[in-house]
$ cat data.tsv   # TSV, C-alpha atoms
chain	number	residue	atom	x	y	z
M	1	MET	CA	12.14	11.18	45.21
M	2	GLY	CA	13.76	14.64	45.32
M	3	LYS	CA	12.99	17.48	47.72
M	4	GLY	CA	9.62	18.91	46.99
M	5	LYS	CA	9.72	17.76	43.39
M	6	PRO	CA	6.40	16.39	42.10
M	7	ASP	CA	6.21	12.70	41.28
M	8	ALA	CA	5.61	13.39	37.57
M	9	ALA	CA	8.94	15.18	37.09
M	10	VAL	CA	10.85	12.51	39.00
M	11	ALA	CA	9.18	9.64	37.16
M	12	PHE	CA	9.65	11.31	33.78
M	13	SER	CA	13.35	11.97	34.38
M	14	ALA	CA	13.91	8.43	35.67
M	15	ILE	CA	12.70	7.00	32.35
M	16	ALA	CA	13.92	9.73	29.98
M	17	SER	CA	17.49	10.17	31.23
M	18	PRO	CA	18.70	6.63	30.37
M	19	LEU	CA	17.05	6.91	26.95
M	20	VAL	CA	18.79	10.22	26.28
M	21	ASP	CA	22.10	8.69	27.34
M	22	SER	CA	21.50	5.74	25.00
M	23	ALA	CA	20.69	8.05	22.07
M	24	VAL	CA	23.90	10.03	22.59
M	25	GLU	CA	25.95	6.84	22.85
M	26	GLN	CA	24.31	5.51	19.68
M	27	ALA	CA	25.10	8.80	17.92
M	28	TRP	CA	28.77	8.38	18.79
M	29	ASP	CA	28.68	4.83	17.42
M	30	ILE	CA	27.15	6.11	14.18
M	31	ALA	CA	29.75	8.88	13.93
M	32	ARG	CA	32.50	6.27	14.15
M	33	ALA	CA	30.81	3.82	11.76
M	34	PRO	CA	27.34	4.57	10.30
M	35	ALA	CA	26.27	0.92	10.34
M	36	VAL	CA	22.76	-0.33	9.61
M	37	GLU	CA	22.09	-1.57	13.14
M	38	GLY	CA	23.30	1.67	14.72
M	39	ILE	CA	20.84	3.75	12.70
M	40	HIS	CA	18.04	1.33	13.55
M	41	GLN	CA	18.77	1.39	17.29
M	42	LEU	CA	18.87	5.19	17.34
M	43	ARG	CA	15.44	5.30	15.71
M	44	VAL	CA	14.05	2.86	18.27
M	45	THR	CA	15.38	5.01	21.11
M	46	LEU	CA	13.90	8.15	19.57
M	47	ARG	CA	10.53	6.44	19.18
M	48	SER	CA	10.63	5.50	22.86
M	49	LEU	CA	11.36	9.11	23.76
M	50	LEU	CA	8.53	10.40	21.56
M	51	THR	CA	6.19	7.92	23.24
M	52	LEU	CA	7.34	9.07	26.66
M	53	TRP	CA	6.64	12.68	25.71
M	54	TRP	CA	3.15	11.64	24.55
M	55	LEU	CA	2.61	9.88	27.89
M	56	TYR	CA	3.22	13.12	29.79
M	57	ARG	CA	1.65	15.43	27.22
M	58	PRO	CA	-1.46	16.20	29.35
M	59	LEU	CA	0.83	17.51	32.11
M	60	MET	CA	2.94	19.74	29.84
M	61	GLU	CA	2.31	23.22	28.47
M	62	ALA	CA	1.07	22.74	24.88
M	63	ARG	CA	3.48	25.09	23.10
M	64	LYS	CA	6.56	23.76	24.86
M	65	TYR	CA	5.46	20.19	24.24
M	66	ALA	CA	5.13	20.93	20.51
M	67	LEU	CA	8.62	22.47	20.36
M	68	GLN	CA	10.21	19.58	22.24
M	69	ARG	CA	8.44	17.00	20.07
M	70	SER	CA	9.54	18.85	16.93
M	71	SER	CA	13.13	18.71	18.16
M	72	LEU	CA	12.93	14.94	18.66
M	73	LYS	CA	11.18	14.43	15.31
M	74	SER	CA	13.89	16.33	13.39
M	75	ILE	CA	16.51	13.85	14.61
M	76	ALA	CA	14.24	10.87	13.92
M	77	CYS	CA	13.54	12.09	10.38
M	78	ALA	CA	17.25	12.48	9.60
M	79	ALA	CA	17.91	8.94	10.80
M	80	GLY	CA	14.80	7.75	8.95
M	81	MET	CA	16.09	8.95	5.58
M	82	VAL	CA	19.18	6.77	5.97
M	83	ARG	CA	17.17	3.86	7.36
M	84	ASP	CA	14.90	3.82	4.28
M	85	TYR	CA	17.90	3.10	2.07
M	86	ASP	CA	19.08	0.40	4.47
M	87	ILE	CA	15.70	-1.32	4.24
M	88	LEU	CA	15.68	-1.20	0.43
M	89	ILE	CA	19.22	-2.58	0.18
M	90	GLU	CA	18.42	-5.38	2.62
M	91	LEU	CA	15.26	-6.40	0.74
M	92	LEU	CA	16.98	-6.44	-2.64
M	93	ARG	CA	20.01	-8.33	-1.40
M	94	ARG	CA	18.02	-10.90	0.55
M	95	ASN	CA	15.83	-11.66	-2.45
M	96	ASP	CA	18.57	-11.33	-5.09
M	97	LYS	CA	16.60	-8.68	-6.97
M	98	CYS	CA	19.32	-6.21	-7.90
M	99	SER	CA	22.70	-6.25	-9.60
M	100	ALA	CA	25.90	-5.29	-7.81
M	101	ALA	CA	25.92	-2.03	-9.77
M	102	GLY	CA	22.39	-1.26	-8.60
M	103	ILE	CA	23.23	-1.97	-4.96
M	104	ALA	CA	26.31	0.25	-5.27
M	105	ALA	CA	24.17	3.09	-6.62
M	106	ILE	CA	21.67	2.77	-3.77
M	107	SER	CA	24.54	2.63	-1.26
M	108	ALA	CA	25.90	5.87	-2.73
M	109	ALA	CA	22.47	7.47	-2.29
M	110	ARG	CA	22.46	6.23	1.30
M	111	GLU	CA	25.82	7.92	1.89
M	112	SER	CA	24.42	11.15	0.46
M	113	ALA	CA	21.49	10.93	2.88
M	114	MET	CA	23.96	10.31	5.70
M	115	GLN	CA	25.96	13.37	4.71
M	116	ALA	CA	22.82	15.50	4.44
M	117	GLY	CA	21.84	14.55	7.98
M	118	ARG	CA	25.32	14.55	9.47
M	119	GLU	CA	24.90	17.80	11.38
M	120	ILE	CA	21.55	16.78	12.87
M	121	LEU	CA	22.86	13.29	13.69
M	122	SER	CA	26.15	14.51	15.16
M	123	PRO	CA	26.64	13.48	18.82
M	124	PRO	CA	27.06	17.06	20.12
M	125	HIS	CA	23.89	18.18	18.36
M	126	ILE	CA	21.84	15.21	19.57
M	127	GLN	CA	23.19	15.59	23.10
M	128	ALA	CA	22.38	19.32	23.21
M	129	ARG	CA	18.90	18.90	21.69
M	130	LEU	CA	17.85	15.99	23.88
M	131	GLN	CA	19.25	17.36	27.12
M	132	GLU	CA	17.58	20.70	26.46
M	133	ALA	CA	14.25	18.99	25.76
M	134	LEU	CA	14.63	16.85	28.88
M	135	ALA	CA	15.43	19.85	31.08
M	136	GLN	CA	12.50	21.85	29.72
M	137	ALA	CA	10.06	18.99	30.14
M	138	SER	CA	11.23	18.23	33.67
M	139	ALA	CA	10.93	21.89	34.64
M	140	SER	CA	7.42	22.05	33.17
M	141	LEU	CA	6.34	18.93	35.05
M	142	GLY	CA	8.06	20.12	38.21
M	143	SER	CA	6.00	23.31	38.27
M	144	GLY	CA	2.66	21.52	38.04
M	145	SER	CA	0.18	21.07	40.83
M	146	GLY	CA	-2.60	18.62	41.42
M	147	GLN	CA	-0.88	16.05	39.22
M	148	PRO	CA	-2.31	12.50	39.10
M	149	ARG	CA	-0.57	9.62	40.79
M	150	ARG	CA	1.91	7.85	38.56
M	151	ARG	CA	0.17	4.48	38.40
M	152	ALA	CA	-3.26	6.01	37.72
M	153	HIS	CA	-1.85	8.29	35.04
M	154	ALA	CA	-0.08	5.35	33.35
M	155	LYS	CA	-3.27	3.28	33.24
M	156	VAL	CA	-5.30	6.15	31.78
M	157	ARG	CA	-2.79	6.86	29.01
M	158	VAL	CA	-2.37	3.18	28.12
M	159	ALA	CA	-6.16	2.86	27.93
M	160	GLN	CA	-6.33	5.91	25.62
M	161	SER	CA	-3.60	4.52	23.39
M	162	ALA	CA	-5.27	1.09	23.24
M	163	ARG	CA	-8.61	2.68	22.29
M	164	GLN	CA	-6.93	4.58	19.49
M	165	LEU	CA	-5.33	1.34	18.28
M	166	ARG	CA	-8.71	-0.44	18.42
M	167	ARG	CA	-10.40	2.32	16.39
M	168	ARG	CA	-7.68	2.23	13.75
M	169	ILE	CA	-7.85	-1.56	13.47
M	170	LYS	CA	-11.61	-1.36	13.04
M	171	ARG	CA	-11.25	1.28	10.33
M	172	ALA	CA	-8.59	-0.76	8.53
M	173	ILE	CA	-10.44	-4.08	8.51
M	174	THR	CA	-13.89	-2.71	7.67
M	175	ALA	CA	-12.77	-0.83	4.57
M	176	GLY	CA	-14.08	-2.11	1.25
M	177	LYS	CA	-10.56	-3.12	0.26
M	178	PRO	CA	-7.26	-3.09	2.19
M	179	ASP	CA	-5.96	0.48	2.40
M	180	LEU	CA	-2.24	1.05	2.91
M	181	GLU	CA	-2.64	4.33	4.79
M	182	ALA	CA	-5.12	2.77	7.21
M	183	PHE	CA	-2.71	-0.04	8.04
M	184	HIS	CA	0.11	2.46	8.40
M	185	ASP	CA	-2.03	4.18	11.03
M	186	VAL	CA	-2.51	0.81	12.76
M	187	ARG	CA	1.25	0.31	12.77
M	188	LYS	CA	1.89	3.72	14.34
M	189	ALA	CA	-0.79	3.24	16.99
M	190	GLY	CA	0.48	-0.27	17.70
M	191	LYS	CA	4.03	0.95	18.13
M	192	LYS	CA	2.95	3.68	20.51
M	193	THR	CA	0.93	1.24	22.62
M	194	ARG	CA	3.75	-1.29	22.59
M	195	TYR	CA	6.36	1.26	23.66
M	196	LEU	CA	4.05	2.51	26.40
M	197	LEU	CA	3.57	-1.01	27.74
M	198	GLU	CA	7.32	-1.65	27.66
M	199	LEU	CA	8.13	1.64	29.41
M	200	LEU	CA	5.43	1.23	32.05
M	201	GLU	CA	5.34	-2.54	32.53
M	202	PRO	CA	6.17	-2.47	36.28
M	203	LEU	CA	3.21	-0.17	36.94
M	204	LEU	CA	0.57	-2.04	34.94
M	205	PRO	CA	-1.67	-5.03	35.76
M	206	ALA	CA	-0.53	-8.45	34.60
M	207	ASP	CA	-3.26	-8.67	31.95
M	208	HIS	CA	-1.47	-5.97	29.95
M	209	ARG	CA	1.34	-8.43	29.27
M	210	ARG	CA	-0.97	-10.43	27.02
M	211	LEU	CA	-1.58	-7.36	24.88
M	212	LEU	CA	2.15	-6.56	24.84
M	213	LYS	CA	3.02	-10.06	23.64
M	214	ARG	CA	0.42	-9.87	20.89
M	215	LEU	CA	1.65	-6.47	19.77
M	216	GLN	CA	5.20	-7.82	19.63
M	217	LYS	CA	4.03	-10.70	17.44
M	218	ILE	CA	2.13	-8.58	14.91
M	219	GLN	CA	5.03	-6.12	14.72
M	220	GLN	CA	6.75	-8.37	12.18
M	221	PRO	CA	3.96	-8.44	9.56
M	222	LEU	CA	3.26	-4.75	10.10
M	223	GLY	CA	6.96	-4.02	9.75
M	224	GLU	CA	7.26	-6.13	6.60
M	225	LEU	CA	4.36	-4.29	5.00
M	226	ASN	CA	5.94	-0.97	5.88
M	227	ASP	CA	9.34	-2.07	4.52
M	228	PHE	CA	7.89	-2.96	1.12
M	229	ALA	CA	5.74	0.19	1.01
M	230	VAL	CA	8.64	2.50	1.95
M	231	SER	CA	10.98	0.80	-0.52
M	232	GLU	CA	8.41	0.97	-3.32
M	233	SER	CA	7.91	4.68	-2.65
M	234	LEU	CA	11.67	5.32	-2.52
M	235	VAL	CA	12.28	3.67	-5.89
M	236	ARG	CA	9.24	5.31	-7.48
M	237	GLN	CA	10.18	8.80	-6.27
M	238	ASN	CA	13.80	8.40	-7.35
M	239	PRO	CA	13.61	7.05	-10.94
M	240	ARG	CA	17.37	7.35	-11.41
M	241	LEU	CA	18.24	5.58	-8.17
M	242	ILE	CA	18.86	2.30	-10.02
M	243	PRO	CA	21.04	2.77	-13.13
M	244	SER	CA	19.24	0.25	-15.34
M	245	PRO	CA	15.72	1.43	-16.32
M	246	ASP	CA	14.63	-2.15	-17.04
M	247	GLN	CA	15.87	-3.37	-13.68
M	248	ALA	CA	14.27	-0.41	-11.91
M	249	LYS	CA	10.93	-1.22	-13.55
M	250	GLU	CA	11.21	-4.87	-12.55
M	251	ILE	CA	12.06	-3.95	-8.97
M	252	ARG	CA	9.10	-1.57	-8.74
M	253	ARG	CA	6.80	-4.29	-10.02
M	254	TRP	CA	8.19	-6.80	-7.51
M	255	LEU	CA	7.91	-4.39	-4.58
M	256	ARG	CA	4.32	-3.52	-5.53
M	257	LYS	CA	3.38	-7.19	-5.73
M	258	LYS	CA	4.96	-7.95	-2.34
M	259	ARG	CA	3.32	-4.91	-0.75
M	260	LYS	CA	-0.14	-5.95	-1.98
M	261	HIS	CA	0.37	-9.52	-0.76
M	262	ARG	CA	1.46	-8.34	2.70
M	263	LEU	CA	-1.46	-5.94	2.87
M	264	SER	CA	-3.98	-8.66	2.10
M	265	ALA	CA	-2.41	-11.14	4.56
M	266	LEU	CA	-2.30	-8.54	7.33
M	267	SER	CA	-5.95	-7.66	6.77
M	268	CYS	CA	-6.91	-11.31	7.30
M	269	LEU	CA	-4.67	-11.58	10.36
M	270	LEU	CA	-6.19	-8.57	12.11
M	271	ARG	CA	-9.75	-9.66	11.35
M	272	LYS	CA	-9.07	-12.88	13.25
M	273	ASP	CA	-7.22	-11.29	16.18
M	274	ARG	CA	-9.58	-10.99	19.15
M	275	THR	CA	-6.87	-9.77	21.55
M	276	LEU	CA	-6.18	-6.58	19.63
M	277	LYS	CA	-9.80	-5.82	18.80
M	278	GLN	CA	-10.61	-6.03	22.51
M	279	ALA	CA	-7.52	-4.10	23.68

$ encode --input "data.tsv" --output "structure tokens"
Amino acid sequence: MGKGKPDAAVAFSAIASPLVDSAVEQAWDIARAPAVEGIHQLRVTLRSLLTLWWLYRPLMEARKYALQRSSLKSIACAAGMVRDYDILIELLRRNDKCSAAGIAAISAARESAMQAGREILSPPHIQARLQEALAQASASLGSGSGQPRRRAHAKVRVAQSARQLRRRIKRAITAGKPDLEAFHDVRKAGKKTRYLLELLEPLLPADHRRLLKRLQKIQQPLGELNDFAVSESLVRQNPRLIPSPDQAKEIRRWLRKKRKHRLSALSCLLRKDRTLKQA
């Protein structure tokens, strides 16, 4: 457990260190070949780290927590810009909605986004930023006193996250009509709760596994809604992204239609889901 080191610092480092190592390894993979899956996996790892920081937020000094979170978010945002183009390309290719020239233009825009974020996404930068954040957080936790036991702290934070998820679901499904922003909030709260449950599974009661399985199942429709919404926004905000104006207009119309359909279907799904409403 470490000599004299509080449980919180030890537990935090035990979870965070492998995630930091994974992020650095993924950054090296991206530097060698910026493939779609590599960008996606880096974002997943960064989300897990952000969730871990949220888990220990009550035990950290507020200003330092904000700085460390901002450091993690800057990397996630750089990867997110590239990922948005990957999602759009995948949707258009899978549904045969864009010409080869259009796909080539979007791929060129993706490369520009990759170049713009190259410094932030470089392995040395990611390694330095994450290791610095990890060291600062561990030191902050290590200097605390009267810290809660690990299992009790985990249960409290999972309960808080689940309550937030429940409130956001209620707000989303009781609105007069399906609201995209409300369901986006559900998606974010669901992801946080899911990552918490995955990170803390050995410490939690067995009944939490039922919630985890349900969250994993609804991740697909929530993710599909987000994919169409992000792609629609990307095309709308970049009118010259697709060379043919007629094709761009058709794609915007198709994305809007798909986004509305997914929004309506997800609203019905969540209204019927007792597990999540009772989380």

$ atom_distance --input "data.tsv" --atom1 "CA of Ser71 (chain M)" --atom2 "CA of Ala135 (chain M)"
13.2 Å

$ residues_around --input "data.tsv" --residues "Thr193 (chain M)" --least-positions-apart "4" --cutoff "8 Å" --atoms "all atoms listed in the file" --output "NGL selection string"
:M and (158 or 161-162 or 165 or 189 or 197)

$ write_last_selection --input "data.tsv" --atoms "C-alpha atoms" --output "mmCIF file, in the frame of the given file"
data_model
loop_
_atom_site.group_PDB
_atom_site.id
_atom_site.type_symbol
_atom_site.label_atom_id
_atom_site.label_comp_id
_atom_site.auth_asym_id
_atom_site.auth_seq_id
_atom_site.Cartn_x
_atom_site.Cartn_y
_atom_site.Cartn_z
ATOM 1 C CA VAL M 158 -2.370 3.180 28.120
ATOM 2 C CA SER M 161 -3.600 4.520 23.390
ATOM 3 C CA ALA M 162 -5.270 1.090 23.240
ATOM 4 C CA LEU M 165 -5.330 1.340 18.280
ATOM 5 C CA ALA M 189 -0.790 3.240 16.990
ATOM 6 C CA LEU M 197 3.570 -1.010 27.740
#

$ closest_residue --input "data.tsv" --among "M:Leu204, M:Leu211, M:Leu199, M:Leu67" --to "Leu130 (chain M)" --atoms "all atoms listed in the file"
M:Leu67

$ closest_residue --input "data.tsv" --among "M:Asn226, M:Gln68, M:Asn238, M:Thr45" --to "Glu132 (chain M)" --atoms "only C-alpha atoms"
M:Gln68

$ residues_around --input "data.tsv" --residues "Glu201 (chain M)" --least-positions-apart "3" --cutoff "12 Å" --atoms "only C-alpha atoms" --output "NGL selection string"
:M and (151 or 154-155 or 158 or 193-198 or 204-213)

$ write_last_selection --input "data.tsv" --atoms "C-alpha atoms" --output "CSV table (one decimal), in the frame of the given file"
chain,number,residue,atom,x,y,z
M,151,ARG,CA,0.2,4.5,38.4
M,154,ALA,CA,-0.1,5.4,33.4
M,155,LYS,CA,-3.3,3.3,33.2
M,158,VAL,CA,-2.4,3.2,28.1
M,193,THR,CA,0.9,1.2,22.6
M,194,ARG,CA,3.8,-1.3,22.6
M,195,TYR,CA,6.4,1.3,23.7
M,196,LEU,CA,4.0,2.5,26.4
M,197,LEU,CA,3.6,-1.0,27.7
M,198,GLU,CA,7.3,-1.6,27.7
M,204,LEU,CA,0.6,-2.0,34.9
M,205,PRO,CA,-1.7,-5.0,35.8
M,206,ALA,CA,-0.5,-8.4,34.6
M,207,ASP,CA,-3.3,-8.7,32.0
M,208,HIS,CA,-1.5,-6.0,30.0
M,209,ARG,CA,1.3,-8.4,29.3
M,210,ARG,CA,-1.0,-10.4,27.0
M,211,LEU,CA,-1.6,-7.4,24.9
M,212,LEU,CA,2.2,-6.6,24.8
M,213,LYS,CA,3.0,-10.1,23.6

$ residues_around --input "data.tsv" --residues "Gly117 (chain M)" --least-positions-apart "4" --cutoff "7 Å" --atoms "only C-alpha atoms" --output "list in words"
Ala78, Ala113 and Leu121 of chain M

$ residues_near_point --input "data.tsv" --point "(7.8, -11.8, -2.2)" --cutoff "12 Å" --atoms "only C-alpha atoms" --output "ChimeraX atom specification"
/M:91-92,94-97,224-225,227-228,251,253-262

$ closest_residue --input "data.tsv" --among "M:Tyr85, M:Glu90, M:Lys64, M:Ile75" --to "Ala108 (chain M)" --atoms "all atoms listed in the file"
M:Tyr85

$ atom_distance --input "data.tsv" --atom1 "CA of Gly102 (chain M)" --atom2 "CA of Ala31 (chain M)"
25.8 Å

$ residues_around --input "data.tsv" --residues "region 19-26 of chain M" --least-positions-apart "3" --cutoff "9 Å" --atoms "only C-alpha atoms" --output "short mmCIF file (atom, residue, chain, number, x, y, z; two decimals) with C-alpha atoms, in the frame of the given file"
data_model
loop_
_atom_site.label_atom_id
_atom_site.label_comp_id
_atom_site.auth_asym_id
_atom_site.auth_seq_id
_atom_site.Cartn_x
_atom_site.Cartn_y
_atom_site.Cartn_z
CA ILE M 15 12.70 7.00 32.35
CA ALA M 16 13.92 9.73 29.98
CA ASP M 29 28.68 4.83 17.42
CA ILE M 30 27.15 6.11 14.18
CA ALA M 31 29.75 8.88 13.93
CA GLY M 38 23.30 1.67 14.72
CA ILE M 39 20.84 3.75 12.70
CA GLN M 41 18.77 1.39 17.29
CA LEU M 42 18.87 5.19 17.34
CA ARG M 43 15.44 5.30 15.71
CA THR M 45 15.38 5.01 21.11
CA LEU M 46 13.90 8.15 19.57
CA SER M 48 10.63 5.50 22.86
CA LEU M 49 11.36 9.11 23.76
CA SER M 122 26.15 14.51 15.16
CA PRO M 123 26.64 13.48 18.82
CA PRO M 124 27.06 17.06 20.12
CA ILE M 126 21.84 15.21 19.57
CA GLN M 127 23.19 15.59 23.10
CA LEU M 130 17.85 15.99 23.88
CA GLN M 131 19.25 17.36 27.12
CA LEU M 134 14.63 16.85 28.88
#

$ closest_residue --input "data.tsv" --among "M:Arg110, M:Arg47, M:Ala182, M:Leu222" --to "Arg167 (chain M)" --atoms "all atoms listed in the file"
M:Ala182

$ closest_residue --input "data.tsv" --among "M:Ala137, M:Ala104, M:Leu52, M:Ala27" --to "Ile120 (chain M)" --atoms "all atoms listed in the file"
M:Ala27

$ closest_residue --input "data.tsv" --among "M:Ala133, M:Ala116, M:Val10, M:Ala109" --to "Ser70 (chain M)" --atoms "all atoms listed in the file"
M:Ala133

$ residues_near_point --input "data.tsv" --point "(-5.5, -9.9, 8.5)" --cutoff "12 Å" --atoms "all atoms listed in the file" --output "list in words"
Ile169, Lys170, Ala172, Ile173, Thr174, Lys177, Pro178, Phe183, Val186, Ile218, Pro221, Leu222, Leu225, His261, Arg262, Leu263, Ser264, Ala265, Leu266, Ser267, Cys268, Leu269, Leu270, Arg271, Lys272, Asp273, Arg274, Leu276 and Lys277 of chain M

$ build_atoms --input "data.tsv" --residues "region 265-274 of chain M" --atoms "all heavy atoms" --output "tab-separated table (two decimals), in the coordinates of the input"
chain	number	residue	atom	x	y	z
M	265	ALA	N	-2.64	-10.18	3.47
M	265	ALA	CA	-2.41	-11.14	4.56
M	265	ALA	C	-2.62	-10.48	5.92
M	265	ALA	O	-3.20	-11.08	6.84
M	265	ALA	CB	-1.00	-11.71	4.46
M	266	LEU	N	-2.16	-9.25	6.06
M	266	LEU	CA	-2.30	-8.54	7.33
M	266	LEU	C	-3.76	-8.22	7.63
M	266	LEU	O	-4.21	-8.29	8.78
M	266	LEU	CB	-1.48	-7.26	7.30
M	266	LEU	CG	-1.31	-6.49	8.60
M	266	LEU	CD1	-0.76	-7.37	9.70
M	266	LEU	CD2	-0.42	-5.29	8.39
M	267	SER	N	-4.52	-7.92	6.60
M	267	SER	CA	-5.95	-7.66	6.77
M	267	SER	C	-6.65	-8.89	7.34
M	267	SER	O	-7.45	-8.79	8.28
M	267	SER	CB	-6.57	-7.27	5.42
M	267	SER	OG	-7.94	-7.01	5.56
M	268	CYS	N	-6.32	-10.06	6.79
M	268	CYS	CA	-6.91	-11.31	7.30
M	268	CYS	C	-6.47	-11.58	8.73
M	268	CYS	O	-7.28	-12.00	9.58
M	268	CYS	CB	-6.49	-12.48	6.40
M	268	CYS	SG	-7.20	-12.42	4.75
M	269	LEU	N	-5.20	-11.34	9.02
M	269	LEU	CA	-4.67	-11.58	10.36
M	269	LEU	C	-5.39	-10.73	11.41
M	269	LEU	O	-5.79	-11.24	12.47
M	269	LEU	CB	-3.17	-11.29	10.38
M	269	LEU	CG	-2.46	-11.39	11.75
M	269	LEU	CD1	-2.46	-12.84	12.24
M	269	LEU	CD2	-1.03	-10.87	11.64
M	270	LEU	N	-5.57	-9.46	11.13
M	270	LEU	CA	-6.19	-8.57	12.11
M	270	LEU	C	-7.68	-8.85	12.27
M	270	LEU	O	-8.24	-8.64	13.35
M	270	LEU	CB	-5.97	-7.11	11.71
M	270	LEU	CG	-4.53	-6.61	11.86
M	270	LEU	CD1	-4.43	-5.15	11.43
M	270	LEU	CD2	-4.02	-6.77	13.28
M	271	ARG	N	-8.33	-9.31	11.23
M	271	ARG	CA	-9.75	-9.66	11.35
M	271	ARG	C	-9.95	-10.82	12.32
M	271	ARG	O	-10.97	-10.92	12.99
M	271	ARG	CB	-10.32	-10.04	9.97
M	271	ARG	CG	-10.61	-8.86	9.08
M	271	ARG	CD	-11.46	-9.27	7.88
M	271	ARG	NE	-11.74	-8.11	7.04
M	271	ARG	CZ	-11.05	-7.79	5.96
M	271	ARG	NH1	-10.04	-8.56	5.57
M	271	ARG	NH2	-11.37	-6.73	5.25
M	272	LYS	N	-8.96	-11.70	12.39
M	272	LYS	CA	-9.07	-12.88	13.25
M	272	LYS	C	-8.56	-12.64	14.67
M	272	LYS	O	-8.76	-13.48	15.55
M	272	LYS	CB	-8.27	-14.04	12.64
M	272	LYS	CG	-8.80	-14.52	11.30
M	272	LYS	CD	-7.89	-15.59	10.72
M	272	LYS	CE	-8.38	-16.06	9.35
M	272	LYS	NZ	-7.45	-17.04	8.74
M	273	ASP	N	-7.90	-11.51	14.90
M	273	ASP	CA	-7.22	-11.29	16.18
M	273	ASP	C	-8.16	-10.66	17.21
M	273	ASP	O	-8.41	-9.46	17.19
M	273	ASP	CB	-5.99	-10.41	15.99
M	273	ASP	CG	-5.02	-10.51	17.14
M	273	ASP	OD1	-5.45	-10.36	18.30
M	273	ASP	OD2	-3.84	-10.77	16.91
M	274	ARG	N	-8.67	-11.48	18.11
M	274	ARG	CA	-9.58	-10.99	19.15
M	274	ARG	C	-8.86	-10.14	20.19
M	274	ARG	O	-9.40	-9.18	20.72
M	274	ARG	CB	-10.26	-12.17	19.85
M	274	ARG	CG	-11.20	-12.95	18.94
M	274	ARG	CD	-11.78	-14.16	19.67
M	274	ARG	NE	-12.70	-14.90	18.82
M	274	ARG	CZ	-13.99	-14.66	18.75
M	274	ARG	NH1	-14.50	-13.68	19.47
M	274	ARG	NH2	-14.77	-15.35	17.96
